[in-house]
Every structure is written in C-alpha cells, then in structure tokens.
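Shown next: final.txt, containing compact mmCIF, C-alpha atoms (C1' of nucleotides).
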# COMPACT_ATOMS: atom_id res chain seq x y z
CA MET H 174 138.06 97.88 60.60
CA GLN H 175 138.52 100.34 57.78
CA GLU H 176 135.25 101.63 56.38
CA LYS H 177 136.47 104.81 54.71
CA LYS H 178 138.34 105.11 51.44
CA ALA H 179 135.15 104.24 49.68
CA ILE H 180 136.47 105.15 46.27
CA SER H 181 139.82 105.49 44.54
CA ASN H 182 140.90 108.63 42.74
CA GLN H 183 140.89 106.79 39.45
CA LYS H 184 137.32 105.59 39.84
CA ARG H 185 136.24 108.95 41.11
CA THR H 186 137.73 110.73 38.10
CA GLU H 187 136.22 108.23 35.74
CA LYS H 188 132.81 108.67 37.28
CA THR H 189 132.91 112.47 37.30
CA ARG H 190 134.12 112.72 33.73
CA LYS H 191 131.39 110.34 32.68
CA LEU H 192 128.72 112.41 34.41
CA LEU H 193 130.00 115.60 32.81
CA ILE H 194 130.22 114.14 29.35
CA LYS H 195 126.74 112.68 29.66
CA ALA H 196 125.28 115.99 30.82
CA GLY H 197 127.17 117.93 28.18
CA LYS H 198 126.05 115.58 25.48
CA LYS H 199 122.42 115.87 26.50
CA LEU H 200 122.44 119.66 26.62
CA PHE H 201 124.57 120.20 23.53
CA VAL H 202 122.14 118.05 21.58
CA GLU H 203 119.09 119.81 23.00
CA LYS H 204 120.23 123.42 22.79
CA GLY H 205 123.56 123.58 21.03
CA PHE H 206 126.98 124.50 22.35
CA ALA H 207 126.58 128.26 22.63
CA ALA H 208 123.22 128.15 24.36
CA THR H 209 124.44 125.69 26.97
CA SER H 210 126.03 127.25 30.03
CA THR H 211 128.53 125.57 32.29
CA PRO H 212 126.36 126.15 35.38
CA GLU H 213 123.62 124.25 33.59
CA ILE H 214 125.97 121.45 32.65
CA VAL H 215 127.26 120.90 36.16
CA LYS H 216 123.78 121.15 37.61
CA THR H 217 122.62 118.43 35.24
CA ALA H 218 125.66 116.34 36.05
CA GLY H 219 125.27 116.86 39.77
CA VAL H 220 128.76 118.27 40.27
CA THR H 221 130.26 121.74 40.57
CA ARG H 222 132.01 123.97 38.11
CA GLY H 223 135.20 123.26 39.97
CA ALA H 224 134.99 119.64 38.88
CA LEU H 225 134.32 120.63 35.30
CA TYR H 226 137.32 122.90 35.10
CA HIS H 227 139.46 120.39 36.91
CA HIS H 228 138.86 117.69 34.33
CA PHE H 229 138.50 119.85 31.22
CA SER H 230 140.45 122.91 30.25
CA ASP H 231 137.31 124.70 29.13
CA LYS H 232 133.83 124.22 27.73
CA GLN H 233 135.21 123.46 24.30
CA ASP H 234 137.35 120.73 25.76
CA LEU H 235 134.28 119.03 27.22
CA PHE H 236 132.56 119.38 23.88
CA ARG H 237 135.53 117.72 22.23
CA ALA H 238 135.19 114.77 24.58
CA VAL H 239 131.51 114.49 23.69
CA VAL H 240 132.24 114.52 19.98
CA GLU H 241 135.00 111.97 20.34
CA GLN H 242 132.69 109.68 22.21
CA ASP H 243 130.00 110.08 19.57
CA CYS H 244 132.46 109.41 16.78
CA GLU H 245 133.73 106.36 18.55
CA ALA H 246 130.17 105.07 18.87
CA VAL H 247 129.59 105.64 15.17
CA GLY H 248 132.74 103.73 14.33
CA ILE H 249 131.70 100.84 16.51
CA GLU H 250 128.21 100.68 15.03
CA ILE H 251 129.60 100.71 11.51
CA ASN H 252 131.87 97.80 12.28
CA ARG H 253 129.02 95.90 13.86
CA GLU H 254 126.79 96.45 10.85
CA SER H 255 129.40 95.84 8.22
CA GLU H 256 128.86 92.67 6.33
CA ASP H 257 130.56 91.21 3.34
CA ALA H 258 128.90 91.98 0.04
CA ASP H 259 129.12 90.58 -3.46
CA SER H 260 131.02 93.51 -4.90
CA PHE H 261 133.19 96.35 -3.69
CA ILE H 262 130.51 98.79 -4.75
CA ASP H 263 127.88 96.94 -2.74
CA MET H 264 130.17 96.92 0.24
CA LEU H 265 130.57 100.66 -0.03
CA LYS H 266 126.83 101.05 -0.28
CA THR H 267 126.02 99.00 2.79
CA GLY H 268 128.79 100.72 4.70
CA SER H 269 127.42 104.08 3.68
CA SER H 270 123.95 103.23 4.80
CA ALA H 271 125.28 101.98 8.10
CA PHE H 272 127.18 105.23 8.56
CA VAL H 273 124.16 107.40 7.89
CA LYS H 274 122.04 105.36 10.27
CA ALA H 275 124.66 105.47 12.99
CA ILE H 276 125.37 109.17 12.80
CA THR H 277 121.70 110.10 12.77
CA SER H 278 121.13 108.21 16.02
CA GLN H 279 121.25 109.64 19.52
CA GLY H 280 121.51 113.22 18.33
CA ARG H 281 124.99 112.58 17.02
CA ALA H 282 124.39 114.59 13.87
CA ARG H 283 123.87 117.67 15.99
CA THR H 284 127.13 117.39 17.88
CA ILE H 285 129.34 116.02 15.15
CA LEU H 286 127.98 117.61 11.99
CA ILE H 287 126.24 120.80 13.01
CA GLU H 288 128.09 122.10 16.06
CA GLY H 289 131.37 120.30 15.48
CA PRO H 290 132.81 122.29 12.60
CA SER H 291 132.09 125.64 14.22
CA VAL H 292 133.13 124.75 17.76
CA LEU H 293 136.21 122.65 17.04
CA GLY H 294 137.05 123.88 13.57
CA GLN H 295 136.88 121.96 10.35
CA LYS H 296 140.44 120.69 10.57
CA GLU H 297 140.26 119.24 14.04
CA LEU H 298 136.90 117.65 13.40
CA MET H 299 138.32 115.99 10.30
CA ALA H 300 141.14 114.59 12.40
CA ILE H 301 138.71 113.18 14.95
CA GLU H 302 136.48 111.63 12.31
CA ASP H 303 139.61 110.19 10.77
CA ARG H 304 140.57 108.44 13.97
CA PHE H 305 137.17 106.95 14.64
CA THR H 306 134.75 106.76 11.76
CA ARG H 307 136.66 106.68 8.51
CA LEU H 308 138.75 103.58 9.03
CA SER H 309 136.45 101.13 7.29
CA LEU H 310 135.57 103.60 4.57
CA ARG H 311 139.23 104.12 3.78
CA GLN H 312 139.84 100.38 3.71
CA GLY H 313 136.85 99.80 1.50
CA LEU H 314 137.87 102.46 -0.97
CA GLU H 315 141.49 101.34 -0.95
CA ALA H 316 140.50 97.78 -1.76
CA ALA H 317 138.09 98.91 -4.45
CA LEU H 318 140.79 101.05 -6.01
CA LYS H 319 143.34 98.27 -5.94
CA HIS H 320 140.98 95.90 -7.69
CA GLY H 321 139.97 98.48 -10.24
CA ALA H 322 136.37 98.44 -9.08
CA ILE H 323 136.19 102.22 -9.07
CA LYS H 324 137.66 104.96 -11.18
CA PRO H 325 141.35 105.70 -10.54
CA LEU H 326 141.03 108.66 -8.19
CA ALA H 327 143.33 109.82 -5.42
CA LEU H 328 142.54 107.89 -2.26
CA GLN H 329 142.67 110.67 0.30
CA PRO H 330 140.40 113.13 -1.47
CA LEU H 331 138.13 110.24 -2.30
CA VAL H 332 137.80 109.31 1.34
CA GLU H 333 137.10 112.92 2.23
CA LEU H 334 134.55 113.45 -0.48
CA VAL H 335 132.60 110.27 0.12
CA SER H 336 132.70 110.99 3.81
CA SER H 337 131.39 114.51 3.43
CA MET H 338 128.78 113.38 0.94
CA LEU H 339 127.55 110.98 3.60
CA ASP H 340 127.66 113.74 6.18
CA GLY H 341 125.42 115.76 3.90
CA ALA H 342 123.04 112.85 3.51
CA ALA H 343 122.90 112.44 7.28
CA LEU H 344 122.13 116.12 7.71
CA LYS H 345 119.18 115.79 5.41
CA VAL H 346 117.89 112.84 7.39
CA GLU H 347 118.40 114.94 10.49
CA ALA H 348 116.44 117.74 8.83
CA GLY H 349 113.48 115.47 8.42
CA PHE H 350 113.88 113.65 5.14
CA ASP H 351 113.09 109.95 5.20
CA PHE H 352 116.08 107.68 5.05
CA GLU H 353 114.25 105.75 2.33
CA GLU H 354 114.34 108.66 -0.08
CA ILE H 355 117.92 109.59 0.77
CA GLU H 356 119.49 106.16 0.47
CA PRO H 357 118.90 105.57 -3.26
CA ILE H 358 120.51 108.89 -4.08
CA VAL H 359 123.53 108.08 -1.98
CA HIS H 360 123.79 104.76 -3.73
CA ALA H 361 123.54 106.50 -7.09
CA PHE H 362 126.45 108.74 -6.13
CA ILE H 363 128.48 105.70 -5.25
CA ASP H 364 127.57 104.07 -8.53
CA GLY H 365 129.22 107.06 -10.15
CA LEU H 366 132.54 106.01 -8.67
CA ALA H 367 132.36 102.63 -10.38
CA GLU H 368 134.64 102.17 -13.31
CA MET K 207 120.63 178.73 0.82
CA GLN K 208 120.00 175.48 2.65
CA GLU K 209 123.16 173.62 3.48
CA LYS K 210 121.84 171.31 6.17
CA LYS K 211 119.94 168.05 5.68
CA ALA K 212 123.05 166.49 4.26
CA ILE K 213 121.65 162.99 4.21
CA SER K 214 118.27 161.33 4.19
CA ASN K 215 117.25 158.71 6.72
CA GLN K 216 117.03 156.12 4.00
CA LYS K 217 120.57 156.70 2.80
CA ARG K 218 121.85 156.88 6.33
CA THR K 219 120.28 153.54 7.22
CA GLU K 220 121.58 151.98 4.06
CA LYS K 221 125.09 153.18 4.78
CA THR K 222 125.11 152.08 8.41
CA ARG K 223 123.74 148.65 7.65
CA LYS K 224 126.32 148.23 4.94
CA LEU K 225 129.15 149.17 7.30
CA LEU K 226 127.90 146.75 9.94
CA ILE K 227 127.44 143.88 7.53
CA LYS K 228 130.88 144.46 6.08
CA ALA K 229 132.52 144.54 9.49
CA GLY K 230 130.56 141.52 10.68
CA LYS K 231 131.44 139.57 7.58
CA LYS K 232 135.14 140.32 7.98
CA LEU K 233 135.26 139.34 11.63
CA PHE K 234 132.98 136.31 11.35
CA VAL K 235 135.23 134.98 8.60
CA GLU K 236 138.40 135.69 10.55
CA LYS K 237 137.38 134.49 13.98
CA GLY K 238 133.98 132.88 13.78
CA PHE K 239 130.68 133.99 15.22
CA ALA K 240 131.21 133.14 18.87
CA ALA K 241 134.64 134.70 19.12
CA THR K 242 133.48 137.96 17.59
CA SER K 243 132.12 140.49 20.07
CA THR K 244 129.67 143.22 19.24
CA PRO K 245 132.01 145.92 20.60
CA GLU K 246 134.59 144.68 18.13
CA ILE K 247 132.11 144.71 15.28
CA VAL K 248 130.96 148.26 15.87
CA LYS K 249 134.53 149.44 16.36
CA THR K 250 135.48 147.94 13.00
CA ALA K 251 132.41 149.44 11.40
CA GLY K 252 133.02 152.82 12.97
CA VAL K 253 129.61 153.02 14.62
CA THR K 254 128.23 152.34 18.10
CA ARG K 255 126.45 149.40 19.60
CA GLY K 256 123.33 151.50 19.60
CA ALA K 257 123.37 151.53 15.82
CA LEU K 258 123.88 147.78 15.68
CA TYR K 259 120.94 147.01 17.94
CA HIS K 260 118.82 149.58 16.16
CA HIS K 261 119.23 147.90 12.81
CA PHE K 262 119.48 144.29 13.92
CA SER K 263 117.60 142.53 16.67
CA ASP K 264 120.74 140.81 17.91
CA LYS K 265 124.12 139.47 16.86
CA GLN K 266 122.53 136.49 15.20
CA ASP K 267 120.38 138.78 13.12
CA LEU K 268 123.44 140.55 11.79
CA PHE K 269 125.00 137.19 11.04
CA ARG K 270 121.89 136.23 9.12
CA ALA K 271 122.25 139.34 6.99
CA VAL K 272 125.88 138.42 6.27
CA VAL K 273 124.95 134.90 5.23
CA GLU K 274 122.11 136.11 3.06
CA GLN K 275 124.44 138.49 1.30
CA ASP K 276 127.00 135.74 0.77
CA CYS K 277 124.37 133.37 -0.55
CA GLU K 278 123.08 136.02 -2.89
CA ALA K 279 126.60 136.56 -4.19
CA VAL K 280 126.99 132.84 -4.77
CA GLY K 281 123.74 132.73 -6.68
CA ILE K 282 124.79 135.64 -8.86
CA GLU K 283 128.18 134.14 -9.62
CA ILE K 284 126.62 130.82 -10.56
CA ASN K 285 124.27 132.50 -13.00
CA ARG K 286 127.12 134.47 -14.50
CA GLU K 287 129.24 131.36 -14.99
CA SER K 288 126.47 129.12 -16.21
CA GLU K 289 126.80 128.23 -19.82
CA ASP K 290 124.92 125.86 -22.02
CA ALA K 291 126.43 122.41 -22.30
CA ASP K 292 125.95 119.50 -24.67
CA SER K 293 124.10 117.32 -22.20
CA PHE K 294 122.11 117.72 -19.03
CA ILE K 295 124.83 115.91 -17.15
CA ASP K 296 127.48 118.26 -18.45
CA MET K 297 125.34 121.20 -17.49
CA LEU K 298 125.05 119.85 -13.96
CA LYS K 299 128.81 119.36 -13.84
CA THR K 300 129.69 122.86 -14.95
CA GLY K 301 127.09 124.28 -12.61
CA SER K 302 128.51 122.26 -9.76
CA SER K 303 132.02 123.45 -10.42
CA ALA K 304 130.78 127.02 -10.57
CA PHE K 305 129.04 126.58 -7.24
CA VAL K 306 132.10 125.17 -5.52
CA LYS K 307 134.26 127.96 -6.86
CA ALA K 308 131.80 130.63 -5.83
CA ILE K 309 131.21 129.38 -2.31
CA THR K 310 134.90 128.93 -1.61
CA SER K 311 135.59 132.57 -2.48
CA GLN K 312 135.69 135.49 -0.10
CA GLY K 313 135.51 133.31 2.98
CA ARG K 314 131.93 132.37 2.17
CA ALA K 315 132.45 128.75 3.13
CA ARG K 316 133.20 129.84 6.65
CA THR K 317 130.04 131.85 7.11
CA ILE K 318 127.63 129.74 5.10
CA LEU K 319 128.88 126.21 5.63
CA ILE K 320 130.79 126.16 8.89
CA GLU K 321 129.15 128.75 11.12
CA GLY K 322 125.78 128.86 9.37
CA PRO K 323 124.29 125.57 10.52
CA SER K 324 125.21 126.09 14.16
CA VAL K 325 124.31 129.78 14.39
CA LEU K 326 121.12 129.83 12.34
CA GLY K 327 120.15 126.20 12.51
CA GLN K 328 120.10 123.68 9.73
CA LYS K 329 116.50 124.39 8.77
CA GLU K 330 116.81 128.14 8.41
CA LEU K 331 120.06 127.87 6.52
CA MET K 332 118.43 125.46 4.10
CA ALA K 333 115.67 128.00 3.53
CA ILE K 334 118.19 130.75 2.81
CA GLU K 335 120.20 128.60 0.44
CA ASP K 336 116.95 127.69 -1.24
CA ARG K 337 116.08 131.31 -1.90
CA PHE K 338 119.46 132.25 -3.30
CA THR K 339 121.70 129.45 -4.47
CA ARG K 340 119.62 126.46 -5.39
CA LEU K 341 117.45 127.94 -8.10
CA SER K 342 119.56 126.92 -11.07
CA LEU K 343 120.40 123.55 -9.55
CA ARG K 344 116.73 122.78 -9.10
CA GLN K 345 115.97 123.85 -12.66
CA GLY K 346 118.83 121.79 -14.03
CA LEU K 347 117.77 118.68 -12.16
CA GLU K 348 114.13 119.18 -13.04
CA ALA K 349 114.95 119.42 -16.74
CA ALA K 350 117.25 116.43 -16.57
CA LEU K 351 114.56 114.40 -14.85
CA LYS K 352 111.92 115.41 -17.36
CA HIS K 353 114.12 114.33 -20.24
CA GLY K 354 115.08 111.10 -18.57
CA ALA K 355 118.73 112.07 -18.45
CA ILE K 356 119.04 110.95 -14.86
CA LYS K 357 117.57 108.18 -12.80
CA PRO K 358 113.97 108.73 -11.70
CA LEU K 359 114.50 110.07 -8.22
CA ALA K 360 112.38 112.46 -6.18
CA LEU K 361 113.26 116.03 -7.11
CA GLN K 362 113.36 117.64 -3.72
CA PRO K 363 115.63 115.13 -1.98
CA LEU K 364 117.74 115.12 -5.10
CA VAL K 365 118.23 118.86 -4.94
CA GLU K 366 119.09 118.61 -1.27
CA LEU K 367 121.53 115.76 -1.70
CA VAL K 368 123.39 117.21 -4.65
CA SER K 369 123.51 120.53 -2.88
CA SER K 370 124.92 119.07 0.33
CA MET K 371 127.35 116.95 -1.63
CA LEU K 372 128.63 120.14 -3.20
CA ASP K 373 128.75 121.80 0.21
CA GLY K 374 130.94 118.94 1.35
CA ALA K 375 133.19 119.33 -1.65
CA ALA K 376 133.50 123.04 -0.94
CA LEU K 377 134.43 122.35 2.65
CA LYS K 378 137.26 120.14 1.51
CA VAL K 379 138.54 122.85 -0.79
CA GLU K 380 138.26 125.22 2.16
CA ALA K 381 140.23 122.74 4.25
CA GLY K 382 143.11 122.88 1.81
CA PHE K 383 142.45 120.32 -0.86
CA ASP K 384 143.10 121.43 -4.42
CA PHE K 385 140.04 122.06 -6.50
CA GLU K 386 141.63 119.99 -9.22
CA GLU K 387 141.54 116.83 -7.15
CA ILE K 388 138.05 117.50 -5.85
CA GLU K 389 136.33 118.29 -9.12
CA PRO K 390 136.73 114.88 -10.81
CA ILE K 391 135.19 113.17 -7.80
CA VAL K 392 132.25 115.53 -7.81
CA HIS K 393 131.80 114.85 -11.48
CA ALA K 394 131.93 111.13 -10.82
CA PHE K 395 129.16 111.47 -8.25
CA ILE K 396 127.07 113.30 -10.80
CA ASP K 397 127.74 110.60 -13.36
CA GLY K 398 126.14 108.24 -10.89
CA LEU K 399 122.86 110.09 -11.32
CA ALA K 400 122.83 109.44 -15.05
CA GLU K 401 120.38 106.86 -16.22
C1' DT Y 252 106.46 177.78 8.83
C1' DT Y 253 105.88 175.88 13.07
C1' DT Y 254 104.83 171.95 15.78
C1' DT Y 255 104.79 167.13 16.40
C1' DT Y 256 106.33 162.70 15.60
C1' DA Y 257 109.32 159.20 14.41
C1' DT Y 258 113.78 157.60 13.08
C1' DA Y 259 118.55 156.83 14.00
C1' DC Y 260 121.33 156.58 16.80
C1' DA Y 261 124.37 157.19 21.68
C1' DT Y 262 124.98 156.05 26.52
C1' DA Y 263 124.23 153.67 30.73
C1' DC Y 264 122.95 149.58 32.97
C1' DA Y 265 121.57 145.02 34.69
C1' DC Y 266 122.40 140.42 34.08
C1' DA Y 267 124.65 136.24 32.70
C1' DT Y 268 128.70 133.64 31.77
C1' DT Y 269 133.49 132.39 31.43
C1' DG Y 270 137.91 131.17 33.14
C1' DT Y 271 140.97 131.70 37.11
C1' DA Y 272 142.64 132.09 41.71
C1' DT Y 273 142.39 130.32 46.06
C1' DG Y 274 140.82 127.28 49.79
C1' DT Y 275 139.68 122.52 51.51
C1' DT Y 276 139.22 117.56 51.79
C1' DT Y 277 140.86 113.06 50.96
C1' DA Y 278 143.56 109.65 48.53
C1' DA Y 279 148.34 108.26 47.51
C1' DC Y 280 153.03 108.08 48.47
C1' DT Y 281 157.39 108.07 51.44
C1' DA N 9 152.86 109.28 60.50
C1' DG N 10 153.75 112.92 57.76
C1' DT N 11 153.99 114.97 53.28
C1' DT N 12 152.47 115.53 48.71
C1' DA N 13 149.22 115.75 45.26
C1' DA N 14 144.82 114.93 43.24
C1' DA N 15 139.94 116.19 43.21
C1' DC N 16 137.17 119.04 43.94
C1' DA N 17 134.48 123.59 46.06
C1' DT N 18 134.06 128.57 46.40
C1' DA N 19 134.97 133.28 45.37
C1' DC N 20 136.19 136.59 42.08
C1' DA N 21 137.45 139.50 38.04
C1' DA N 22 136.63 140.36 33.40
C1' DT N 23 133.98 140.37 29.36
C1' DG N 24 129.95 140.35 26.74
C1' DT N 25 124.87 140.56 25.67
C1' DG N 26 120.58 142.71 25.30
C1' DT N 27 117.71 146.46 27.10
C1' DA N 28 116.31 150.78 28.88
C1' DT N 29 116.75 155.43 28.47
C1' DG N 30 118.34 159.85 26.53
C1' DT N 31 119.22 162.93 22.42
C1' DA N 32 119.58 164.95 17.78
C1' DT N 33 117.83 165.25 13.27
C1' DA N 34 114.80 164.03 9.43
C1' DA N 35 110.02 163.64 8.12
C1' DA N 36 105.19 164.48 8.56
C1' DA N 37 101.39 167.20 10.16
C1' DA N 38 99.17 171.37 11.18
What does the file become when written as structure tokens?
Amino acid sequence: MQEKKAISNQKRTEKTRKLLIKAGKKLFVEKGFAATSTPEIVKTAGVTRGALYHHFSDKQDLFRAVVEQDCEAVGIEINRESEDADSFIDMLKTGSSAFVKAITSQGRARTILIEGPSVLGQKELMAIEDRFTRLSLRQGLEAALKHGAIKPLALQPLVELVSSMLDGAALKVEAGFDFEEIEPIVHAFIDGLAE
Amino acid sequence: MQEKKAISNQKRTEKTRKLLIKAGKKLFVEKGFAATSTPEIVKTAGVTRGALYHHFSDKQDLFRAVVEQDCEAVGIEINRESEDADSFIDMLKTGSSAFVKAITSQGRARTILIEGPSVLGQKELMAIEDRFTRLSLRQGLEAALKHGAIKPLALQPLVELVSSMLDGAALKVEAGFDFEEIEPIVHAFIDGLAE
DNA sequence: TTTTTATACATACACATTGTATGTTTAACT
DNA sequence: AGTTAAACATACAATGTGTATGTATAAAAA
C-alpha cells in the first residue's frame, strides 16, 4: 500500500515552471520587467525564490520564457486564422491583420514589443520572433516573390521590414488606436510592395 | 579687485546638467538603462549623486532628458536634410530616408527606439517624438492628403503608422542591415500610400 | 554692506532587490 | 537498501535607489 510518491519530478518541474511563467507574464504585462520583483513573482506563483532560481538562471531568463510562450501563441493564432486568398497580396494582407490581432491580445504587445527589445536585446528578440511568428510571413513573401507578385526585393530584409512595420502597427493599436483605422494603412503599405 | 564669484548659478546648473546628460547618454547607449547605475553615471560625469538628484527627480528623469535631446537632434537633422522634391511622394521618401539616417546616428536608436518605450512608456515616448521629430512628417502628409497625392486616410493614424514603420526600418539598420537594402523597401511602402 | 534666503550641491542612510551559497527533502537510480 | 541527484527552501552578501540631512556659495533683501 504505497500512498506517497504523489508526483514525479518531471510533472513537478512542469507544474512549477508553468506557475512561474504564468505569474511572470501577468506581472510583466501589468507593471513591466523592471518594476516587477522576484519576491512578487514567486508570491504570485505560490512558490519560493529558490524554485525560481532553480528553474531559471535569472529574472531575464524567466522573461525570455514568457516571451517565447507569447510568440508561440502568436504563431499558432496566425496559422489558425490563415486562409487562402485570391492573390498573394491579399494573402499577405489577411496574414498581416491576423498578426496584428494576435499580438495585441493578452498583453503580448507589452512583453514582446515594448519590454522585449530592451530586456533581451534587439538581436535575440529577432531570433525568437523568427522561430515562432515569422514562418508564414516568410513563406508568403517567398511565394509572392517567386511568382512576381511583388517587386524584386531581397527576401530577408523584406521579411524584417514587413514584420517590423506590423510591430509598429500593433504598437499603435496597443496605444489606443482602433484597429479599423490602422488596418487600411497597413494594407496600403503592402500594396506598395506589389509589382 | 573682486576675483571670487567665478560662476553664476545659472551657468553652473547648465554645465552640470550637460555633464550628466552626456554621461547618461554614453552609458545608456553602451549598456542600456537598467544596467547603468547612478554611481557610474556621476563618476563618468565627474560629479556626485547629490548633483544628479538635485537636477533630476530620478534616473528615469535623466533618461528622459537624454531622449529629448536625441529627438531634438533628429528633428534638426531632418530639417537640415529636407529638400524640395518633384512630388509629394518623393518628398516623403527623402524625408523618410533622412529620418532613418538621423535616428541611426550617435546611438540614438538605442535610447529612443529600444530603451525608450520600456523606460518611459509608449505613450510618453510618442508625445516626445511628436514634439520633436514628427513635425515635418505631419506637414508632408497633410499637404499630400490635401492635394490628393495619397489615399484618403485619417491624418493622425497615418502619421503614427508611417512614423512607426520608419522606426522599424531604423531598428533593422541598427541591427546590422545595410541602409541600401532597407531604403527601397521603405520607399515601396510609401508608394503604397499613393493614390 | 550686512543679513537672510535660496540654490547647488555633498554625505550618510534606510530600504529594497538580486544572485548565490548552503541546507533539506524526496524522487530516481544502482 | 543505500546512494545520488533533482527540486526546492533559507540565509546571506553585495549592489543600487531614493531620501534625509549637512554645507558652501550665489542671490536677494534690508
């Protein structure tokens, strides 16, 4: 009759990391990275600082996990929303709108776009976004280029520029502008890529 | 024969503030806001922490002064570079290129674009940029709208979107992309605004 | 010109926070 | 069953921030 061993190390780790990431996410969104203390994080998560520093090398490392999770969610939502369109340009437009909607949900703009560059650095953030959120954009642009639907521009800078243009649009939505007045301008920008 | 009273309070204040802003600017660019300590700032400036907290309410306040100075410099450089062009669209393009060049000089992208939003908040940074760097852009877009040179879009969101698109472009230059591969894409975006 | 006041600092301090070092419990392995 | 190692928990040392208090000099008042 063995009633102990209620939980395995793996499950325990998974659970603790989840609690910490959830608490970190909540506080980073509410007050920003700098204004959020680790005592506050662990209190919110219901664990101790020992657990935090066992699972993450430092506060920045926890923040990185939060951002990665947010980026992953954005990527997933984009894929869910993506639908085939008549033209390559239309596909880029719907994808762009889906991106802006996804990244302005759940406070993701705060973590990814506002705090991200300063906490993780521009380079590392770009790498993370690359892994999670720019896959479909790159594919869309690559296809459009191949079929001559857009001007012959270098793919990589194109991906970066469209991506950062959309980041900017999302920031404006985050700042209070209505999506309805932002979207047509984004679409106009994309029209400019058309050949 | 009065040889004392070497310096007036006004001049003294001016000098000290200048030293602090210069030191802060240098360190914020090199290491970012969070990683820069006030002891380090005052050591670099050759003053004491007392002077810093006399002239600025806190570290953020000094940072604000740095960003305002950088934004002012960007505004000045844009005006200096601005030249009349054949069309409204061309004027917007040359202005945009001037902006990207100006904001990617002297480490300004780091203070204004990377650290700015997280340290000062998106809203306040927008207000500062509005006061210093968006004047000519707003005028250019307003004129273009009035003459029907661009699609009939709301002016304010348009200013914001073009501005943030240019911020994004500048960040890519800051991240290592050549200006020469960024510029044509920016110009393409602007073409998209044309009616 | 003398006295008073206010400015421009300089110094000391109290508090918070970060990362680490060390101790303890429990799962996993031999 | 005994040993190892993971997953914490606790204590601590160092650093940094903003404030409170002290001091010297410029500026204003008398």
- [ ] For chain H, report every residue with an atom at most 10 Å from chain N (counting all atoms listed in the file), formatted as a PyMOL selection string.
- [x] chain H and resi 182-183+185-186+189+220-228
Exercise for the section: Enumerate as a ChimeraX atom specification the residues belonging to chain H that approach chain K to within 9 Å, with all atoms listed in the file taken into account. Expected result: /H:205-207,283,286-292,294-296,324,326-327,330-331,333-342,344-345,347-348,350,354-355,357-367
If you take only C-alpha atoms (C1' of nucleotides) and a cut-off of 9 Å, which residues of chain Y touch chain K, and what are their nearest atom pairs and distances in Å to one decimal, in chain and number order, as JSON lines?
{"residue": "Y:DT258", "atom": "C1'", "partner": "K:Asn215", "partner_atom": "CA", "distance": 7.3}
{"residue": "Y:DA259", "atom": "C1'", "partner": "K:Ala257", "partner_atom": "CA", "distance": 7.4}
{"residue": "Y:DC260", "atom": "C1'", "partner": "K:Ala257", "partner_atom": "CA", "distance": 5.5}
{"residue": "Y:DA261", "atom": "C1'", "partner": "K:Gly256", "partner_atom": "CA", "distance": 6.1}
{"residue": "Y:DT262", "atom": "C1'", "partner": "K:Gly256", "partner_atom": "CA", "distance": 8.4}
Just the residues within 12 Å of His353 (chain K), please, counting all atoms listed in the file, with nothing from its chain fewer than 2 positions along; format it as a list in words.
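Close residues of His353 (chain K): Ser293, Phe294, Ile295, Gly346, Leu347, Glu348, Ala349, Ala350, Leu351, Ala355, Ile356, Lys357, Pro358, Ala400 and Glu401 of chain K.
Once Ile247 (chain K) and its same-chain neighbours fewer than 6 positions away are set aside, Leu225, Leu226, Ile227, Lys228, Ala229, Gly230, Lys231, Lys232, Leu233, Phe234, Val253, Thr254, Arg255, Leu258 and Lys265 of chain K remain within 10 Å of it when counting only C-alpha atoms (C1' of nucleotides).
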Restricting it to C-alpha atoms, dump the selection as a CSV table (one decimal), keeping the file's coordinate frame.
chain,number,residue,atom,x,y,z
K,225,LEU,CA,129.2,149.2,7.3
K,226,LEU,CA,127.9,146.8,9.9
K,227,ILE,CA,127.4,143.9,7.5
K,228,LYS,CA,130.9,144.5,6.1
K,229,ALA,CA,132.5,144.5,9.5
K,230,GLY,CA,130.6,141.5,10.7
K,231,LYS,CA,131.4,139.6,7.6
K,232,LYS,CA,135.1,140.3,8.0
K,233,LEU,CA,135.3,139.3,11.6
K,234,PHE,CA,133.0,136.3,11.4
K,253,VAL,CA,129.6,153.0,14.6
K,254,THR,CA,128.2,152.3,18.1
K,255,ARG,CA,126.4,149.4,19.6
K,258,LEU,CA,123.9,147.8,15.7
K,265,LYS,CA,124.1,139.5,16.9
Compute the distance from (136.7, 105.1, 9.5) to each atom, counting all atoms listed in the file, keep the residues with any atom at most 12 Å away, and return them as a ChimeraX atom specification; use the coordinates of the file. /H:244-252,255,268-269,271-272,299-314,332-333,335-336
Can you tell me how far CA of Ile318 (chain K) sits from CA of Glu274 (chain K), in Å to one decimal?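 According to the coordinates, CA of Ile318 (chain K) and CA of Glu274 (chain K) are separated by 8.7 Å.
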Which value, in Å to one decimal, gives the distance between CA of Ala315 (chain K) and CA of Ser243 (chain K)?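 Result for CA of Ala315 (chain K) versus CA of Ser243 (chain K): 20.6 Å, one decimal.
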Taking the partial coordinates given, rebuild region 196-208 of chain H to contain N, CA and C atoms; return it as a short mmCIF file (atom, residue, chain, number, x, y, z; two decimals), keeping the file's coordinate frame.
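Output saved as rebuild02.cif:
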data_model
loop_
_atom_site.label_atom_id
_atom_site.label_comp_id
_atom_site.auth_asym_id
_atom_site.auth_seq_id
_atom_site.Cartn_x
_atom_site.Cartn_y
_atom_site.Cartn_z
N ALA H 196 126.08 114.76 30.69
CA ALA H 196 125.28 115.99 30.82
C ALA H 196 125.54 116.92 29.65
N GLY H 197 126.81 117.07 29.31
CA GLY H 197 127.17 117.93 28.18
C GLY H 197 126.52 117.44 26.90
N LYS H 198 126.65 116.18 26.67
CA LYS H 198 126.05 115.58 25.48
C LYS H 198 124.55 115.90 25.39
N LYS H 199 123.87 115.63 26.47
CA LYS H 199 122.42 115.87 26.50
C LYS H 199 122.08 117.32 26.17
N LEU H 200 122.77 118.24 26.81
CA LEU H 200 122.44 119.66 26.62
C LEU H 200 122.91 120.19 25.27
N PHE H 201 124.07 119.75 24.83
CA PHE H 201 124.57 120.20 23.53
C PHE H 201 123.61 119.74 22.43
N VAL H 202 123.08 118.55 22.58
CA VAL H 202 122.14 118.05 21.58
C VAL H 202 120.84 118.85 21.63
N GLU H 203 120.38 119.12 22.85
CA GLU H 203 119.09 119.81 23.00
C GLU H 203 119.15 121.27 22.57
N LYS H 204 120.23 121.97 22.99
CA LYS H 204 120.23 123.42 22.79
C LYS H 204 121.45 123.95 22.05
N GLY H 205 122.36 123.10 21.69
CA GLY H 205 123.56 123.58 21.03
C GLY H 205 124.63 124.01 22.01
N PHE H 206 125.81 124.18 21.51
CA PHE H 206 126.98 124.50 22.35
C PHE H 206 126.87 125.89 22.97
N ALA H 207 126.58 126.87 22.15
CA ALA H 207 126.58 128.26 22.63
C ALA H 207 125.49 128.51 23.67
N ALA H 208 124.36 127.89 23.48
CA ALA H 208 123.22 128.15 24.36
C ALA H 208 123.28 127.32 25.64
#
